[in-house]
$ cat coords.txt   # compact mmCIF, C-alpha atoms and all ligand atoms
# COMPACT_ATOMS: atom_id res chain seq x y z
CA MET T 218 -18.28 -17.56 -20.80
CA GLU T 219 -18.35 -20.66 -18.56
CA PRO T 220 -20.62 -23.50 -19.82
CA GLY T 221 -24.09 -23.20 -18.33
CA GLU T 222 -23.72 -19.55 -17.35
CA PRO T 223 -26.87 -17.47 -17.84
CA VAL T 224 -27.39 -15.51 -21.05
CA THR T 225 -28.47 -11.87 -21.36
CA GLU T 226 -30.59 -10.82 -24.31
CA CYS T 227 -29.66 -7.29 -25.39
CA PHE T 228 -31.11 -4.52 -27.48
CA PHE T 229 -28.10 -2.28 -28.18
CA PHE T 230 -27.30 0.76 -30.25
CA PRO T 231 -24.30 0.36 -32.59
CA GLY T 232 -21.04 0.67 -30.69
CA SER T 233 -22.28 -0.36 -27.21
CA LYS T 234 -21.45 -4.05 -27.64
CA GLU T 235 -17.84 -3.15 -28.50
CA VAL T 236 -17.51 -1.19 -25.23
CA PHE T 237 -17.25 -4.47 -23.29
CA MET T 238 -16.32 -6.92 -26.07
CA ASN T 239 -13.07 -4.99 -26.64
CA LEU T 240 -12.16 -4.86 -22.95
CA ARG T 241 -8.91 -6.64 -22.15
CA GLY T 242 -9.79 -9.91 -20.41
CA PHE T 243 -13.44 -10.05 -21.53
CA PRO T 244 -15.24 -12.35 -20.83
CA GLN T 245 -14.55 -13.47 -17.27
CA PRO T 246 -16.65 -16.00 -15.34
CA MET T 247 -19.11 -14.56 -12.83
CA VAL T 248 -17.84 -14.40 -9.24
CA HIS T 249 -20.39 -15.63 -6.73
CA PRO T 250 -20.34 -15.13 -2.94
CA SER T 251 -19.01 -18.12 -1.02
CA THR T 252 -22.36 -18.59 0.77
CA PRO T 253 -25.68 -17.44 -0.71
CA ALA T 254 -27.04 -14.65 1.46
CA PHE T 255 -30.59 -14.05 0.26
CA ARG T 256 -33.98 -15.65 -0.14
CA MET T 257 -37.11 -14.49 -1.94
CA ALA T 258 -40.41 -14.32 -0.08
CA ALA T 259 -43.82 -12.65 -0.26
CA THR T 260 -44.57 -9.65 1.96
CA PRO T 261 -48.04 -8.58 3.17
CA ASP T 262 -47.84 -5.12 1.55
CA LYS T 263 -44.95 -4.86 -0.95
CA GLY T 264 -45.33 -7.93 -3.15
CA THR T 265 -42.29 -10.21 -3.40
CA ALA T 266 -39.08 -9.12 -1.65
CA LEU T 267 -35.55 -10.35 -0.89
CA PHE T 268 -34.41 -11.10 2.67
CA SER T 269 -31.00 -11.82 4.12
CA THR T 270 -30.38 -15.43 5.14
CA ARG T 271 -27.58 -14.54 7.56
CA LYS T 272 -26.04 -11.65 9.43
CA LEU T 273 -24.15 -9.44 6.96
CA LYS T 274 -21.41 -6.88 7.41
CA ALA T 275 -20.95 -3.74 5.32
CA GLY T 276 -19.25 -4.77 2.07
CA ASP T 277 -20.42 -8.41 2.22
CA HIS T 278 -21.22 -9.91 -1.17
CA ILE T 279 -24.88 -10.98 -1.30
CA LEU T 280 -25.35 -12.25 -4.85
CA THR T 281 -24.07 -12.08 -8.40
CA GLU T 282 -26.44 -12.05 -11.31
CA ARG T 283 -26.28 -11.66 -15.05
CA PRO T 284 -29.34 -9.71 -16.29
CA LEU T 285 -32.13 -11.45 -18.17
CA PHE T 286 -32.34 -8.47 -20.49
CA VAL T 287 -30.56 -5.21 -21.26
CA GLY T 288 -32.39 -2.70 -23.42
CA ALA T 289 -31.84 0.85 -24.60
CA ARG T 290 -33.82 3.33 -22.54
CA GLY T 291 -35.43 4.68 -25.66
CA ALA T 292 -35.56 3.82 -29.37
CA PRO T 293 -35.09 6.42 -32.09
CA THR T 294 -38.56 7.29 -33.36
CA GLN T 295 -39.68 9.86 -35.83
CA TYR T 296 -41.61 12.81 -34.39
CA HIS T 297 -44.83 13.37 -36.34
CA ALA T 298 -45.87 17.01 -36.43
CA ASN T 299 -49.46 16.05 -37.23
CA LEU T 300 -49.79 13.98 -34.02
CA THR T 301 -50.38 15.30 -30.47
CA ARG T 302 -47.67 15.01 -27.81
CA GLU T 303 -49.54 12.07 -26.26
CA GLN T 304 -49.85 10.32 -29.62
CA ASN T 305 -46.12 10.79 -30.27
CA THR T 306 -45.31 9.37 -26.81
CA GLN T 307 -47.55 6.39 -27.51
CA HIS T 308 -45.82 5.88 -30.85
CA ALA T 309 -42.41 5.90 -29.09
CA LEU T 310 -43.63 3.35 -26.51
CA ASN T 311 -45.01 1.10 -29.27
CA THR T 312 -41.71 1.28 -31.17
CA LEU T 313 -39.73 0.36 -28.05
CA GLU T 314 -42.09 -2.56 -27.36
CA GLN T 315 -41.49 -3.87 -30.90
CA HIS T 316 -37.70 -3.70 -30.40
CA PHE T 317 -37.96 -5.46 -27.03
CA GLU T 318 -40.13 -8.18 -28.59
CA VAL T 319 -37.23 -9.18 -30.85
CA SER T 320 -34.99 -9.77 -27.81
CA PHE T 321 -37.78 -11.40 -25.80
CA LYS T 322 -38.42 -13.96 -28.55
CA ARG T 323 -34.76 -15.01 -28.33
CA MET T 324 -34.95 -15.71 -24.56
CA SER T 325 -35.10 -19.26 -23.19
CA THR T 326 -38.45 -20.52 -21.90
CA GLU T 327 -37.20 -20.17 -18.26
CA SER T 328 -35.96 -16.61 -18.84
CA LYS T 329 -39.23 -15.62 -20.50
CA ALA T 330 -41.20 -17.00 -17.54
CA ALA T 331 -38.92 -15.24 -15.01
CA PHE T 332 -39.20 -11.95 -16.94
CA MET T 333 -43.00 -12.07 -17.20
CA ALA T 334 -43.34 -13.03 -13.51
CA LEU T 335 -41.83 -9.67 -12.48
CA ALA T 336 -44.00 -6.80 -11.24
CA ASN T 337 -45.49 -4.32 -13.69
CA SER T 338 -46.60 -0.90 -12.44
CA HIS T 339 -47.07 0.47 -15.96
CA LYS T 340 -50.20 -1.37 -17.08
CA GLU T 341 -52.33 1.71 -17.51
CA ASP T 342 -49.99 4.24 -19.13
CA GLY T 343 -49.69 3.00 -22.68
CA SER T 344 -46.57 0.88 -22.05
CA GLY T 345 -46.65 -2.50 -23.72
CA PRO T 346 -46.19 -5.59 -21.47
CA LEU T 347 -42.43 -5.80 -22.03
CA VAL T 348 -41.77 -2.07 -21.69
CA GLY T 349 -43.96 -2.08 -18.55
CA VAL T 350 -41.84 -4.80 -16.91
CA VAL T 351 -38.63 -2.96 -17.88
CA ARG T 352 -39.87 0.39 -16.53
CA THR T 353 -40.87 -1.22 -13.22
CA ASN T 354 -37.80 -3.39 -12.66
CA ALA T 355 -34.80 -1.94 -14.45
CA LEU T 356 -31.49 -0.98 -12.95
CA ALA T 357 -29.67 1.81 -14.74
CA LEU T 358 -26.73 0.65 -16.85
CA ASP T 359 -24.96 3.73 -18.12
CA ASP T 360 -21.44 2.46 -18.77
CA LEU T 361 -22.03 1.17 -22.29
CA ARG T 362 -21.96 4.57 -23.99
CA PRO T 363 -19.93 4.27 -27.18
CA GLY T 364 -18.33 7.69 -26.76
CA VAL T 365 -21.40 9.65 -27.77
CA LYS T 366 -23.44 12.35 -26.14
CA GLY T 367 -27.18 12.37 -25.43
CA ASP T 368 -29.28 9.37 -24.49
CA ILE T 369 -27.51 6.85 -26.71
CA GLY T 370 -25.82 4.29 -24.52
CA LEU T 371 -28.19 4.67 -21.56
CA TYR T 372 -29.55 1.24 -20.82
CA SER T 373 -31.93 -0.56 -18.50
CA ALA T 374 -31.12 -4.00 -17.10
CA VAL T 375 -33.75 -6.40 -15.80
CA CYS T 376 -32.71 -9.18 -13.42
CA LYS T 377 -34.53 -12.24 -12.10
CA ASP T 378 -33.49 -11.70 -8.45
CA ILE T 379 -32.10 -8.17 -8.03
CA SER T 380 -35.25 -6.78 -9.64
CA ARG T 381 -37.19 -8.24 -6.68
CA LEU T 382 -35.56 -5.78 -4.30
CA ASN T 383 -38.06 -3.30 -2.93
CA HIS T 384 -37.25 0.38 -2.59
CA SER T 385 -36.13 2.18 0.55
CA CYS T 386 -34.92 5.77 0.93
CA SER T 387 -32.34 4.28 3.35
CA PRO T 388 -31.36 1.23 1.29
CA ASN T 389 -29.14 -1.42 2.79
CA THR T 390 -27.69 -2.74 -0.50
CA SER T 391 -25.99 -1.38 -3.59
CA ALA T 392 -25.11 -3.06 -6.89
CA ARG T 393 -22.01 -2.72 -9.01
CA PHE T 394 -21.91 -3.78 -12.65
CA ASP T 395 -18.85 -5.84 -13.52
CA MET T 396 -18.30 -5.36 -17.24
CA LEU T 397 -15.82 -8.27 -17.62
CA SER T 398 -18.33 -10.86 -16.40
CA PHE T 399 -21.33 -8.84 -17.61
CA SER T 400 -22.99 -9.25 -14.24
CA TYR T 401 -24.24 -7.29 -11.25
CA GLN T 402 -22.77 -7.89 -7.84
CA LEU T 403 -24.99 -6.93 -4.93
CA PHE T 404 -23.34 -5.82 -1.66
CA ALA T 405 -24.50 -4.92 1.84
CA VAL T 406 -23.73 -1.23 2.46
CA ARG T 407 -24.08 -1.55 6.22
CA ASP T 408 -24.52 -4.32 8.75
CA ILE T 409 -27.74 -6.26 8.10
CA ALA T 410 -29.49 -8.62 10.54
CA LYS T 411 -30.49 -12.17 9.59
CA SER T 412 -33.97 -12.15 7.92
CA GLU T 413 -33.94 -8.38 7.46
CA GLU T 414 -35.47 -7.20 4.17
CA LEU T 415 -32.85 -6.23 1.58
CA THR T 416 -33.66 -2.92 -0.06
CA TYR T 417 -32.46 -0.81 -2.97
CA GLN T 418 -32.73 2.79 -4.13
CA TYR T 419 -35.03 3.32 -7.15
CA THR T 420 -34.77 7.13 -7.33
CA PRO T 421 -32.40 9.80 -5.98
CA ILE T 422 -32.60 9.87 -2.19
CA ASN T 423 -30.59 13.02 -1.45
CA CYS T 424 -33.72 15.18 -1.56
CA SER T 425 -36.89 15.74 0.50
CA ALA T 426 -39.50 13.05 1.21
CA ALA T 427 -41.99 14.95 -0.99
CA GLU T 428 -39.57 15.00 -3.93
CA ARG T 429 -38.72 11.33 -3.47
CA ASN T 430 -42.37 10.29 -3.40
CA LYS T 431 -43.06 12.33 -6.54
CA ALA T 432 -40.27 10.40 -8.30
CA LEU T 433 -41.75 7.11 -7.04
CA VAL T 434 -45.24 7.73 -8.49
CA PRO T 435 -44.53 5.62 -11.64
CA TYR T 436 -43.78 2.65 -9.36
CA GLY T 437 -47.30 2.86 -7.95
CA PHE T 438 -46.61 3.05 -4.21
CA VAL T 439 -46.08 5.58 -1.44
CA CYS T 440 -42.87 4.97 0.46
CA ALA T 441 -43.39 4.22 4.15
CA CYS T 442 -39.71 3.98 5.15
CA THR T 443 -38.53 5.70 8.34
CA ALA T 444 -37.12 8.69 6.43
CA CYS T 445 -40.48 9.25 4.72
CA THR T 446 -42.62 8.79 7.82
CA ASN T 447 -40.32 11.07 9.88
CA ALA T 448 -39.77 13.64 7.15
CA SER T 449 -39.65 16.59 9.58
CA THR T 450 -36.51 15.07 11.17
CA SER T 451 -35.04 13.47 8.07
CA ASP T 452 -35.48 16.28 5.50
CA PRO T 453 -33.26 18.84 7.31
CA ARG T 454 -30.60 16.16 7.87
CA ARG T 455 -30.59 15.22 4.18
CA ALA T 456 -30.41 18.91 3.23
CA ALA T 457 -27.36 19.28 5.54
CA ILE T 458 -25.74 16.19 3.99
CA GLU T 459 -26.24 17.68 0.52
CA ALA T 460 -24.90 21.09 1.54
CA PHE T 461 -21.36 19.89 2.32
CA ARG T 462 -18.64 18.53 0.04
CA PRO T 463 -15.25 17.82 1.64
CA VAL T 464 -12.46 19.59 -0.26
CA VAL T 465 -9.19 18.66 1.42
CA THR T 466 -7.05 21.10 -0.57
CA GLU T 467 -9.19 24.06 0.55
CA TRP T 468 -8.66 23.25 4.24
CA VAL T 469 -5.05 22.17 3.99
CA TYR T 470 -3.65 25.54 2.92
CA ASP T 471 -6.16 27.77 4.72
CA ASN T 472 -4.50 29.17 7.85
CA ALA T 473 -7.85 30.56 9.05
CA LEU T 474 -9.17 27.02 9.66
CA ALA T 475 -8.08 24.93 12.66
CA ASP T 476 -5.95 21.82 12.13
CA ASP T 477 -8.83 19.55 13.18
CA TRP T 478 -11.55 21.52 11.28
CA LEU T 479 -11.97 19.03 8.43
CA LEU T 480 -11.73 15.99 10.73
CA ILE T 481 -14.59 17.35 12.85
CA LYS T 482 -16.72 18.34 9.82
CA CYS T 483 -16.25 14.96 8.13
CA ARG T 484 -16.94 12.98 11.30
CA GLU T 485 -20.18 14.95 11.86
CA HIS T 486 -21.10 14.31 8.26
CA LEU T 487 -20.39 10.61 8.50
CA GLU T 488 -22.68 10.43 11.52
CA LEU T 489 -25.48 12.15 9.59
CA ILE T 490 -25.04 9.82 6.60
CA MET T 491 -25.31 6.79 8.90
CA LEU T 492 -28.29 8.24 10.81
CA GLU T 493 -30.07 8.67 7.49
CA GLY T 494 -29.01 5.26 6.18
CA MET T 495 -27.41 6.78 3.08
CA GLU T 496 -24.24 4.66 3.12
CA GLN T 497 -24.51 3.69 -0.55
CA MET T 498 -24.17 7.34 -1.70
CA PRO T 499 -20.90 8.21 -3.48
CA LEU T 500 -20.65 11.08 -0.98
CA HIS T 501 -20.13 8.52 1.80
CA PHE T 502 -17.04 7.28 -0.01
CA ASP T 503 -15.89 10.89 -0.56
CA VAL T 504 -16.21 11.72 3.14
CA VAL T 505 -14.28 8.65 4.27
CA GLU T 506 -11.63 9.34 1.63
CA ALA T 507 -11.40 12.95 2.89
CA LEU T 508 -10.91 11.61 6.45
CA MET T 509 -8.08 9.40 5.23
CA GLU T 510 -6.47 12.28 3.35
CA THR T 511 -6.91 14.65 6.31
CA CYS T 512 -4.93 12.22 8.46
CA ILE T 513 -2.25 12.04 5.74
CA CYS T 514 -2.06 15.86 5.69
CA LEU T 515 -1.57 15.73 9.47
CA GLY T 516 1.17 13.09 9.23
CA ASP T 517 -1.03 10.52 11.02
CA ALA T 518 -0.37 7.25 9.14
CA GLN T 519 -2.10 5.15 11.82
CA GLY T 520 -5.36 7.14 11.54
CA ALA T 521 -5.13 7.21 7.73
CA SER T 522 -4.66 3.42 7.55
CA GLU T 523 -7.83 2.88 9.59
CA TRP T 524 -9.86 5.03 7.16
CA ALA T 525 -8.15 3.25 4.22
CA ALA T 526 -9.39 -0.07 5.67
CA LYS T 527 -12.92 1.36 5.81
CA LEU T 528 -12.65 2.51 2.18
CA GLU T 529 -11.62 -1.02 1.22
CA SER T 530 -14.98 -2.31 2.48
CA PHE T 531 -16.84 -0.11 -0.06
CA MET T 532 -17.12 -3.06 -2.42
CA TRP T 533 -19.91 -1.37 -4.36
CA GLU T 534 -17.57 1.48 -5.40
CA ASP T 535 -14.38 1.34 -7.44
CA VAL T 536 -11.73 1.60 -4.71
CA ARG T 537 -8.55 3.06 -6.19
CA ALA T 538 -5.42 0.91 -6.17
CA ASP T 539 -3.44 3.50 -4.15
CA VAL T 540 -5.81 3.04 -1.19
CA LYS T 541 -4.58 -0.55 -0.89
CA THR T 542 -1.01 0.71 -0.51
CA LEU T 543 -2.10 2.78 2.50
CA LEU T 544 -3.53 -0.10 4.55
CA ASP T 545 -0.25 -0.60 6.41
CA PRO T 546 0.63 2.48 8.52
CA ALA T 547 4.34 1.64 8.07
CA SER T 548 3.99 1.66 4.26
CA ALA T 549 6.52 3.77 2.34
CA ALA T 550 3.54 5.01 0.30
CA TYR T 551 2.83 7.50 3.10
CA GLN T 552 6.12 9.39 2.80
CA LYS T 553 5.66 9.49 -0.99
CA HIS T 554 2.04 10.67 -0.84
CA PRO T 555 1.63 14.19 -2.31
CA LEU T 556 -0.40 15.21 0.76
CA TRP T 557 1.94 13.73 3.39
CA ARG T 558 2.24 16.29 6.25
CA ALA T 559 0.94 18.98 3.86
CA ARG T 560 -1.01 20.70 6.64
CA LEU T 561 1.94 20.60 9.08
CA ASP T 562 4.49 21.77 6.54
CA ARG T 563 2.57 24.73 5.22
CA GLY T 564 4.25 28.04 5.92
CA PRO T 565 3.15 31.53 6.98
CA TYR T 566 1.32 32.13 3.69
CA GLY T 567 -0.77 28.99 4.03
CA LEU T 568 1.21 27.32 1.25
CA HIS T 569 3.27 24.20 1.00
CA LYS T 570 7.05 24.52 1.71
CA SER T 571 8.16 24.88 -1.89
CA PHE T 572 5.44 27.39 -2.68
CA ASN T 573 6.28 29.50 0.37
CA SER T 574 9.71 30.31 -1.01
CA LEU T 575 8.05 31.24 -4.31
CA ALA T 576 5.65 33.46 -2.37
CA GLU T 577 8.57 35.16 -0.58
CA LEU T 578 10.12 35.84 -3.95
CA ALA T 579 6.88 37.18 -5.41
CA LEU T 580 6.27 39.45 -2.42
CA LYS T 581 9.82 40.77 -2.60
CA ASN T 582 9.15 41.58 -6.26
CA GLY T 583 5.95 43.44 -5.42
CA GLY T 584 3.39 40.61 -5.85
CA ALA T 585 0.49 39.84 -3.48
CA LEU T 586 -1.01 36.61 -2.17
CA GLY T 587 -4.52 35.81 -3.43
CA PRO T 588 -7.24 34.14 -1.33
CA TRP T 589 -6.10 30.54 -1.89
CA GLY T 590 -2.41 31.28 -1.66
CA MET T 591 -2.00 31.93 -5.39
CA VAL T 592 0.39 34.71 -6.28
CA PHE T 593 -1.23 37.43 -8.38
CA PRO T 594 0.58 40.48 -9.75
CA CYS T 595 -0.55 43.74 -8.11
C1 LIG Q 1 -38.85 -3.74 -8.87
S1 LIG Q 1 -40.34 -4.31 -8.25
C2 LIG Q 1 -39.84 -4.95 -6.69
C3 LIG Q 1 -40.34 -6.34 -6.46
C4 LIG Q 1 -41.81 -6.44 -6.30
N1 LIG Q 1 -42.18 -6.23 -4.91
C5 LIG Q 1 -42.32 -7.75 -6.79
O1 LIG Q 1 -43.30 -8.24 -6.22
O2 LIG Q 1 -41.79 -8.29 -7.77
C6 LIG Q 1 -41.11 -2.77 -7.92
C7 LIG Q 1 -42.51 -2.85 -7.37
O3 LIG Q 1 -42.47 -3.36 -6.03
C8 LIG Q 1 -43.35 -2.63 -5.19
N2 LIG Q 1 -42.55 -1.91 -4.20
C9 LIG Q 1 -41.22 -1.67 -4.24
N3 LIG Q 1 -40.81 -1.00 -3.15
C10 LIG Q 1 -41.90 -0.80 -2.41
C11 LIG Q 1 -42.10 -0.14 -1.17
N4 LIG Q 1 -41.12 0.40 -0.48
N5 LIG Q 1 -43.37 -0.11 -0.67
C12 LIG Q 1 -44.40 -0.68 -1.38
N6 LIG Q 1 -44.26 -1.30 -2.56
C13 LIG Q 1 -43.02 -1.37 -3.06
C14 LIG Q 1 -44.12 -1.70 -6.09
O4 LIG Q 1 -45.28 -2.33 -6.50
C15 LIG Q 1 -43.18 -1.51 -7.26
O5 LIG Q 1 -43.84 -1.15 -8.45
$ encode --input "coords.txt" --output "structure tokens"
Amino acid sequence: MEPGEPVTECFFFPGSKEVFMNLRGFPQPMVHPSTPAFRMAATPDKGTALFSTRKLKAGDHILTERPLFVGARGAPTQYHANLTREQNTQHALNTLEQHFEVSFKRMSTESKAAFMALANSHKEDGSGPLVGVVRTNALALDDLRPGVKGDIGLYSAVCKDISRLNHSCSPNTSARFDMLSFSYQLFAVRDIAKSEELTYQYTPINCSAAERNKALVPYGFVCACTACTNASTSDPRRAAIEAFRPVVTEWVYDNALADDWLLIKCREHLELIMLEGMEQMPLHFDVVEALMETCICLGDAQGASEWAAKLESFMWEDVRADVKTLLDPASAAYQKHPLWRARLDRGPYGLHKSFNSLAELALKNGGALGPWGMVFPC
């Protein structure tokens, strides 16, 4: 850690600390954006919020922050058969509060003040003051699971600045946790105007406005974003977005589908995702990746390289190294790509060249072609 870098107080289960401590290269210094791109200010109706201080492009780095606190989402507590469900829940909340108190006591005076200055929408539900702040402000941190199943390794991270982001069902930012520097990096997921409010997604947004607002009840507000106020337009669009998953290999060997079928479907989908402001969804990445791969299947290196460049701007996702090799349309990586010209080179059975000769052989020997070009014995 660099001298003077912020410290995170953690409440971990055994094994979680080793997940990052044993990473090659840990720890790395935090990487900050070249120019700070946010400011904190009060709003008339949503408490404190973050705003952009300059025009941002999709993928621009807004801020880097190490959490004030990371705590397990639940502490192991004994279930008492002689207590009611409510009493057992209260017991679990009290136990968690006691665990969090240990970490809180270790925080610096500044960190304690920043933590306690955060909003708390859980004052009336039996949560203690620390658990209340965590439940209102936490970002999910699920990558510290020490190879176990269940809830162990699911964590909540509370930040001084990122936790000030208000919710939107069409959020314009997304955060990525960098394990090596133990910090969150916040990115713009689409172009953002100067002084526009920066927003984040608290709950799943690929569902109806009614479902989203049910999930937001614990935060103590009713969402008034455009998608919620125009639910009759937005809900069917979000349902259509959810209904489609691009599977390149299904299209590539299916002779019944036109050569441009997947390109058209993905472009329509991309438009819907942008109309709904759902750019931070992993599906957005999947659709752009499918567009890149569709171009590769069609032998269009120029088109593929343009989609590869778009994928590169998805800073909030883990962009695979092979995408970088596809940025140059003249790159040799194209000819070596397993999908290169796959759609053009498929034969009469909807299979790739090499498999077509196998199919011929199988048919000659009395086999039949199954629905996806697999050869099944009769
Ligand atoms: C994580 S905090 C966000 C920062 C908070 N506004 C503050 O003043 O510190 C979550 C709380 O902010 C408020 N909030 C967040 N998004 C909101 C929204 N879209 N509309 C109204 N209130 C919102 C709610 O009170 C919620 O419990």
$ residues_near_ligand --input "coords.txt" --ligand "ligand LIG 1 (chain Q)" --cutoff "7 Å" --atoms "only C-alpha atoms and all ligand atoms" --output "list in words"
Asp262, Lys263, Gly264, Thr265, Ala266, Leu335, Ala336, Asn337, Ser338, Thr353, Asn354, Ser380, Arg381, Leu382, Asn383, His384, Ser385, Tyr436, Gly437, Phe438, Val439, Cys440, Ala441 and Cys442 of chain T
$ closest_residue --input "coords.txt" --among "T:Asn299, T:Ser387, T:Thr511, T:Asn239" --to "Ala525 (chain T)" --atoms "all atoms listed in the file"
T:Thr511
$ atom_distance --input "coords.txt" --atom1 "CA of Met333 (chain T)" --atom2 "CA of Ser320 (chain T)"
13.5 Å
$ axis_aligned_box --input "coords.txt" --around "region 221-238 of chain T" --padding-each-side "3 Å" --output "AutoDock Vina command-line options"
--center_x -23.7 --center_y -11.2 --center_z -25.0 --size_x 20.8 --size_y 30.0 --size_z 21.2
$ atom_distance --input "coords.txt" --atom1 "CA of Ala331 (chain T)" --atom2 "CA of Gln497 (chain T)"
27.8 Å
$ closest_residue --input "coords.txt" --among "T:Leu415, T:Leu356, T:Cys376, T:Met238" --to "Leu267 (chain T)" --atoms "only C-alpha atoms"
T:Leu415
$ atom_distance --input "coords.txt" --atom1 "CA of Ile513 (chain T)" --atom2 "CA of Leu500 (chain T)"
19.6 Å
$ closest_residue --input "coords.txt" --among "T:Ala258, T:Val224, T:Ala309, T:Met498" --to "Val406 (chain T)" --atoms "all atoms listed in the file"
T:Met498
$ residues_near_point --input "coords.txt" --point "(-42.6, 7.6, -33.7)" --cutoff "9 Å" --atoms "all atoms listed in the file" --output "CSV table (one decimal) with C-alpha atoms, in the frame of the given file"
chain,number,residue,atom,x,y,z
T,293,PRO,CA,-35.1,6.4,-32.1
T,294,THR,CA,-38.6,7.3,-33.4
T,295,GLN,CA,-39.7,9.9,-35.8
T,296,TYR,CA,-41.6,12.8,-34.4
T,297,HIS,CA,-44.8,13.4,-36.3
T,304,GLN,CA,-49.8,10.3,-29.6
T,305,ASN,CA,-46.1,10.8,-30.3
T,306,THR,CA,-45.3,9.4,-26.8
T,307,GLN,CA,-47.6,6.4,-27.5
T,308,HIS,CA,-45.8,5.9,-30.8
T,309,ALA,CA,-42.4,5.9,-29.1
T,310,LEU,CA,-43.6,3.4,-26.5
T,311,ASN,CA,-45.0,1.1,-29.3
T,312,THR,CA,-41.7,1.3,-31.2
$ closest_residue --input "coords.txt" --among "T:Arg563, T:Arg455, T:His486, T:Arg393" --to "Asp471 (chain T)" --atoms "all atoms listed in the file"
T:Arg563
$ residues_around --input "coords.txt" --residues "Pro421 (chain T)" --least-positions-apart "2" --cutoff "10 Å" --atoms "only C-alpha atoms" --output "ChimeraX atom specification"
/T:386,418-419,423-425,428-429,432-433,498
$ decode --input "coords.txt" --residues "region 427-440 of chain T" --atoms "N, CA and C atoms" --output "compact mmCIF listing (two decimals), in the first residue's frame"
# COMPACT_ATOMS: atom_id res chain seq x y z
N ALA T 427 -43.05 -2.09 -11.22
CA ALA T 427 -43.66 -2.52 -9.95
C ALA T 427 -42.68 -3.40 -9.17
N GLU T 428 -42.04 -4.33 -9.86
CA GLU T 428 -41.07 -5.20 -9.17
C GLU T 428 -39.89 -4.41 -8.64
N ARG T 429 -39.43 -3.45 -9.44
CA ARG T 429 -38.27 -2.64 -9.00
C ARG T 429 -38.62 -1.85 -7.75
N ASN T 430 -39.82 -1.25 -7.75
CA ASN T 430 -40.18 -0.42 -6.60
C ASN T 430 -40.44 -1.24 -5.34
N LYS T 431 -40.84 -2.51 -5.55
CA LYS T 431 -40.99 -3.40 -4.39
C LYS T 431 -39.60 -3.65 -3.77
N ALA T 432 -38.62 -3.88 -4.66
CA ALA T 432 -37.25 -4.14 -4.17
C ALA T 432 -36.63 -2.90 -3.52
N LEU T 433 -37.14 -1.72 -3.88
CA LEU T 433 -36.57 -0.47 -3.34
C LEU T 433 -37.20 -0.05 -2.01
N VAL T 434 -38.27 -0.75 -1.58
CA VAL T 434 -38.95 -0.36 -0.34
C VAL T 434 -37.98 -0.19 0.84
N PRO T 435 -37.03 -1.12 1.05
CA PRO T 435 -36.12 -0.94 2.20
C PRO T 435 -35.29 0.35 2.14
N TYR T 436 -35.18 0.95 0.97
CA TYR T 436 -34.41 2.20 0.86
C TYR T 436 -35.27 3.43 1.18
N GLY T 437 -36.57 3.19 1.34
CA GLY T 437 -37.46 4.26 1.82
C GLY T 437 -37.79 5.33 0.79
N PHE T 438 -37.83 5.00 -0.48
CA PHE T 438 -38.27 5.99 -1.47
C PHE T 438 -38.96 5.27 -2.64
N VAL T 439 -39.75 6.08 -3.36
CA VAL T 439 -40.39 5.56 -4.58
C VAL T 439 -39.64 6.16 -5.75
N CYS T 440 -39.19 5.31 -6.66
CA CYS T 440 -38.35 5.82 -7.75
C CYS T 440 -39.18 6.63 -8.74
